[in-house]
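Asker: My structure file coords.tsv, TSV, C-alpha atoms, is below:
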```tsv
chain	number	residue	atom	x	y	z
A	252	MET	CA	-100.24	-87.88	6.18
A	253	TYR	CA	-102.73	-89.38	3.75
A	254	ASP	CA	-105.51	-87.02	2.62
A	255	GLY	CA	-108.05	-89.43	1.10
A	256	SER	CA	-110.50	-91.87	2.62
A	257	LEU	CA	-109.45	-95.30	3.80
A	258	GLU	CA	-111.98	-96.93	1.48
A	259	GLU	CA	-110.63	-95.08	-1.59
A	260	ALA	CA	-107.07	-96.00	-0.71
A	261	VAL	CA	-107.86	-99.69	-0.34
A	262	GLN	CA	-109.88	-99.77	-3.56
A	263	SER	CA	-107.06	-98.08	-5.48
A	264	GLY	CA	-104.99	-101.27	-5.41
A	265	ASP	CA	-101.86	-99.34	-4.37
A	266	ARG	CA	-100.48	-101.16	-1.32
A	267	ARG	CA	-98.40	-98.23	-0.07
A	268	ARG	CA	-101.34	-95.86	-0.33
A	269	ALA	CA	-103.59	-98.32	1.51
A	270	LEU	CA	-101.03	-98.84	4.29
A	271	LEU	CA	-100.56	-95.10	4.75
A	272	ALA	CA	-104.32	-94.61	4.98
A	273	LEU	CA	-104.61	-97.51	7.43
A	274	ARG	CA	-101.80	-96.04	9.56
A	275	ASP	CA	-103.56	-92.70	9.71
A	276	TYR	CA	-106.90	-94.35	10.49
A	277	LEU	CA	-105.44	-96.35	13.38
A	278	ALA	CA	-103.70	-93.28	14.78
A	279	HIS	CA	-106.94	-91.32	14.51
A	280	GLU	CA	-108.86	-94.07	16.34
A	281	LEU	CA	-106.32	-94.13	19.15
A	282	GLU	CA	-106.26	-90.37	19.45
A	283	GLY	CA	-110.03	-89.94	19.08
A	284	ASN	CA	-110.82	-92.25	21.99
A	285	ARG	CA	-108.96	-90.25	24.61
A	286	CYS	CA	-110.61	-88.47	27.51
A	287	SER	CA	-110.62	-84.69	27.01
A	288	LYS	CA	-109.84	-84.09	30.70
A	289	CYS	CA	-107.16	-86.64	31.57
A	290	ALA	CA	-106.01	-87.70	28.03
A	291	MET	CA	-106.26	-91.38	28.99
A	292	SER	CA	-107.71	-93.86	26.51
A	293	GLN	CA	-111.39	-94.62	26.90
A	294	LEU	CA	-111.02	-97.93	25.08
A	295	ARG	CA	-110.72	-101.20	26.91
A	296	THR	CA	-107.11	-102.19	27.56
A	297	GLY	CA	-107.26	-105.07	25.10
A	298	ASP	CA	-108.70	-102.88	22.36
A	299	THR	CA	-106.01	-100.25	22.87
A	300	ALA	CA	-103.27	-102.90	22.85
A	301	THR	CA	-104.66	-104.43	19.66
A	302	LEU	CA	-104.79	-101.07	17.87
A	303	VAL	CA	-101.27	-100.16	19.02
A	304	LEU	CA	-99.91	-103.54	17.88
A	305	ARG	CA	-101.60	-103.25	14.49
A	306	LEU	CA	-100.34	-99.69	14.08
A	307	THR	CA	-96.80	-100.88	14.84
A	308	LYS	CA	-97.09	-103.69	12.26
A	309	VAL	CA	-98.45	-101.34	9.60
A	310	MET	CA	-95.60	-98.89	10.22
A	311	GLU	CA	-93.07	-101.75	9.91
A	312	GLU	CA	-94.64	-102.81	6.60
A	313	ILE	CA	-94.44	-99.25	5.28
A	314	GLU	CA	-90.77	-98.96	6.29
A	315	ALA	CA	-89.96	-102.31	4.67
A	316	MET	CA	-91.46	-101.29	1.33
A	317	PRO	CA	-89.01	-99.91	-1.18
A	318	GLU	CA	-89.62	-96.35	-2.24
A	319	HIS	CA	-90.77	-96.40	-5.83
A	320	SER	CA	-89.23	-93.54	-7.69
A	321	GLY	CA	-91.46	-93.90	-10.71
A	322	GLU	CA	-88.70	-95.65	-12.62
A	323	VAL	CA	-89.53	-99.00	-14.13
A	324	SER	CA	-86.92	-101.74	-14.04
A	325	ASP	CA	-86.24	-103.86	-17.12
A	326	LEU	CA	-87.79	-106.87	-15.39
A	327	ASP	CA	-90.98	-104.92	-14.60
A	328	ALA	CA	-91.17	-103.74	-18.22
A	329	ILE	CA	-90.84	-107.33	-19.50
A	330	ARG	CA	-93.51	-108.54	-17.08
A	331	ALA	CA	-95.81	-105.72	-18.16
A	332	ARG	CA	-95.38	-106.58	-21.85
A	333	ARG	CA	-96.04	-110.25	-21.13
A	334	ASN	CA	-99.17	-109.49	-19.10
A	335	GLY	CA	-100.40	-106.72	-21.38
A	336	THR	CA	-100.48	-104.19	-18.52
A	337	SER	CA	-98.75	-100.91	-17.81
A	338	ALA	CA	-95.15	-100.97	-16.64
A	339	ALA	CA	-95.91	-99.46	-13.23
A	340	PRO	CA	-93.95	-100.85	-10.29
A	341	PRO	CA	-95.70	-103.91	-8.85
A	342	SER	CA	-97.59	-103.45	-5.59
A	343	ALA	CA	-97.08	-107.02	-4.40
A	344	PRO	CA	-94.27	-109.45	-5.11
A	345	SER	CA	-95.12	-112.23	-7.52
A	346	GLY	CA	-94.38	-115.88	-6.91
A	347	LEU	CA	-95.34	-118.10	-4.04
A	348	GLY	CA	-98.33	-117.06	-2.05
A	349	THR	CA	-100.13	-115.37	-4.91
A	350	LYS	CA	-102.91	-116.78	-7.01
A	351	HIS	CA	-100.59	-116.71	-10.03
A	352	GLY	CA	-97.75	-118.54	-8.27
A	353	PRO	CA	-96.77	-122.12	-8.97
A	354	ARG	CA	-98.98	-124.73	-7.39
A	355	ARG	CA	-97.55	-127.46	-5.21
A	356	GLN	CA	-98.77	-130.90	-6.11
A	357	GLY	CA	-98.02	-134.40	-4.95
A	358	GLY	CA	-95.76	-134.87	-2.01
A	359	ARG	CA	-95.69	-137.62	0.54
A	360	ALA	CA	-98.90	-139.35	1.53
A	361	ALA	CA	-99.80	-139.44	5.17
A	362	SER	CA	-98.94	-142.69	6.95
A	363	GLY	CA	-101.62	-145.37	6.78
A	364	THR	CA	-103.11	-144.07	3.52
A	365	ARG	CA	-101.27	-146.45	1.26
A	366	LYS	CA	-103.55	-148.60	-0.91
A	367	PRO	CA	-103.31	-152.38	-0.47
A	368	GLY	CA	-101.32	-154.06	-3.19
A	369	ALA	CA	-99.58	-150.89	-4.25
```
Give the structure from the file, written as structure tokens.
Answerer:
Amino acid sequence: MYDGSLEEAVQSGDRRRALLALRDYLAHELEGNRCSKCAMSQLRTGDTATLVLRLTKVMEEIEAMPEHSGEVSDLDAIRARRNGTSAAPPSAPSGLGTKHGPRRQGGRAASGTRKPGA
């Protein structure tokens, strides 16, 4: 169980810490909206389903993350030297989909956009 606030965890930049805090927050929301007499959810069905689905996805993301043992791989150390940062394990994979990833340019033009005489 995560012992800090959700806001602190997200601002820390540590993805695992943020996911753990989000998991605990979602579980707390689901548990906190239950009737004290019958233990049924007081949320609308759609809201409950959305929270349960998000909780499931967050738990899957946590399970898919490798446990970082504090050891730094050679590749991480090289990247850290190149970027001038500490050699801590990266929180997000680099490459496509990041703002530092290679940009895709060119490609095929849509049909009918060809310039006359070209």
Asker: In Å, how far is it from atom CA of Arg274 of chain A to atom CA of Lys308 of chain A?
Answerer: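 Atom CA of Lys308 of chain A lies 9.4 Å from atom CA of Arg274 of chain A.
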Asker: Just the number, please: distance in Å from atom CA of Glu258 of chain A to atom CA of Cys286 of chain A, one decimal.
Answerer: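 One can read the atom CA of Glu258 of chain A to atom CA of Cys286 of chain A distance as 27.4 Å.
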Asker: Skip segment 311-315 of chain A itself and residues of its chain fewer than 4 positions away, then list as a list of chain:residue names all residues within 9 Å of it, counting all atoms listed in the file.
Answerer: A:Arg267, A:Leu270, A:Leu271, A:Leu306, A:Thr307
Asker: Would you compute the distance between atom CA of Thr299 of chain A and atom CA of Pro317 of chain A? Give it in Å to one decimal.
Answerer: 29.5 Å
Asker: Listed atoms of segment 273-292 of chain A, axis-aligned box, 4 Å per side: centre and edge lengths to one decimal in Å, as AutoDock Vina command-line options?
Answerer:
```
--center_x -106.3 --center_y -90.8 --center_z 19.5 --size_x 17.0 --size_y 21.4 --size_z 32.1
```
Asker: If we draw a sphere of 12 Å around (-109.7, -90.1, 0.9), which residues have at least one atom in it when counting only C-alpha atoms? Please report them as a PyMOL selection string.
Answerer: chain A and resi 252-263+268-269+271-273+275-276
Asker: My list of candidates is A:Thr296, A:Val309, A:Leu302, A:Arg266. Which is closest to Glu282 of chain A when distances are computed with only C-alpha atoms?
Answerer: A:Leu302
Asker: If I only have part of segment 299-310 of chain A, can you fill in all heavy atoms and write it as a short mmCIF file (atom, residue, chain, number, x, y, z; two decimals), in the frame of the given file?
Answerer:
```
data_model
loop_
_atom_site.label_atom_id
_atom_site.label_comp_id
_atom_site.auth_asym_id
_atom_site.auth_seq_id
_atom_site.Cartn_x
_atom_site.Cartn_y
_atom_site.Cartn_z
N THR A 299 -107.12 -101.18 23.06
CA THR A 299 -106.01 -100.25 22.87
C THR A 299 -104.75 -101.01 22.46
O THR A 299 -104.06 -100.62 21.52
CB THR A 299 -105.74 -99.44 24.16
OG1 THR A 299 -106.93 -98.71 24.50
CG2 THR A 299 -104.60 -98.47 23.97
N ALA A 300 -104.47 -102.11 23.16
CA ALA A 300 -103.27 -102.90 22.85
C ALA A 300 -103.33 -103.45 21.44
O ALA A 300 -102.33 -103.44 20.71
CB ALA A 300 -103.12 -104.03 23.86
N THR A 301 -104.51 -103.89 21.01
CA THR A 301 -104.66 -104.43 19.66
C THR A 301 -104.42 -103.35 18.61
O THR A 301 -103.72 -103.58 17.62
CB THR A 301 -106.08 -105.02 19.48
OG1 THR A 301 -106.25 -106.05 20.46
CG2 THR A 301 -106.27 -105.59 18.11
N LEU A 302 -104.99 -102.17 18.82
CA LEU A 302 -104.79 -101.07 17.87
C LEU A 302 -103.33 -100.63 17.82
O LEU A 302 -102.79 -100.37 16.74
CB LEU A 302 -105.68 -99.88 18.23
CG LEU A 302 -107.16 -100.01 17.91
CD1 LEU A 302 -107.93 -98.83 18.48
CD2 LEU A 302 -107.38 -100.12 16.42
N VAL A 303 -102.68 -100.56 18.98
CA VAL A 303 -101.27 -100.16 19.02
C VAL A 303 -100.40 -101.20 18.30
O VAL A 303 -99.50 -100.86 17.53
CB VAL A 303 -100.79 -99.94 20.47
CG1 VAL A 303 -99.29 -99.81 20.55
CG2 VAL A 303 -101.47 -98.72 21.06
N LEU A 304 -100.68 -102.48 18.53
CA LEU A 304 -99.91 -103.54 17.88
C LEU A 304 -100.11 -103.49 16.37
O LEU A 304 -99.14 -103.59 15.60
CB LEU A 304 -100.31 -104.91 18.42
CG LEU A 304 -99.61 -106.11 17.81
CD1 LEU A 304 -98.10 -106.04 18.08
CD2 LEU A 304 -100.17 -107.40 18.36
N ARG A 305 -101.34 -103.32 15.92
CA ARG A 305 -101.60 -103.25 14.49
C ARG A 305 -100.94 -102.03 13.87
O ARG A 305 -100.40 -102.09 12.78
CB ARG A 305 -103.11 -103.24 14.23
CG ARG A 305 -103.44 -103.32 12.78
CD ARG A 305 -102.95 -104.62 12.18
NE ARG A 305 -103.02 -104.56 10.74
CZ ARG A 305 -102.08 -104.99 9.93
NH1 ARG A 305 -101.01 -105.56 10.39
NH2 ARG A 305 -102.21 -104.88 8.64
N LEU A 306 -100.99 -100.90 14.57
CA LEU A 306 -100.34 -99.69 14.08
C LEU A 306 -98.84 -99.91 13.93
O LEU A 306 -98.24 -99.52 12.93
CB LEU A 306 -100.61 -98.52 15.03
CG LEU A 306 -99.97 -97.18 14.67
CD1 LEU A 306 -100.43 -96.70 13.31
CD2 LEU A 306 -100.29 -96.15 15.74
N THR A 307 -98.23 -100.58 14.90
CA THR A 307 -96.80 -100.88 14.84
C THR A 307 -96.49 -101.76 13.63
O THR A 307 -95.52 -101.51 12.90
CB THR A 307 -96.35 -101.59 16.14
OG1 THR A 307 -96.68 -100.76 17.24
CG2 THR A 307 -94.87 -101.86 16.12
N LYS A 308 -97.31 -102.79 13.40
CA LYS A 308 -97.09 -103.69 12.26
C LYS A 308 -97.25 -102.96 10.93
O LYS A 308 -96.47 -103.17 10.00
CB LYS A 308 -98.06 -104.88 12.32
CG LYS A 308 -97.84 -105.79 13.49
CD LYS A 308 -96.54 -106.51 13.39
CE LYS A 308 -96.38 -107.47 14.55
NZ LYS A 308 -95.08 -108.08 14.59
N VAL A 309 -98.24 -102.10 10.83
CA VAL A 309 -98.45 -101.34 9.60
C VAL A 309 -97.26 -100.43 9.34
O VAL A 309 -96.76 -100.33 8.21
CB VAL A 309 -99.77 -100.53 9.67
CG1 VAL A 309 -99.86 -99.50 8.55
CG2 VAL A 309 -100.96 -101.47 9.62
N MET A 310 -96.75 -99.78 10.38
CA MET A 310 -95.60 -98.89 10.22
C MET A 310 -94.36 -99.69 9.79
O MET A 310 -93.58 -99.22 8.95
CB MET A 310 -95.34 -98.12 11.52
CG MET A 310 -96.44 -97.09 11.78
SD MET A 310 -96.35 -96.31 13.40
CE MET A 310 -94.77 -95.55 13.36
#
```
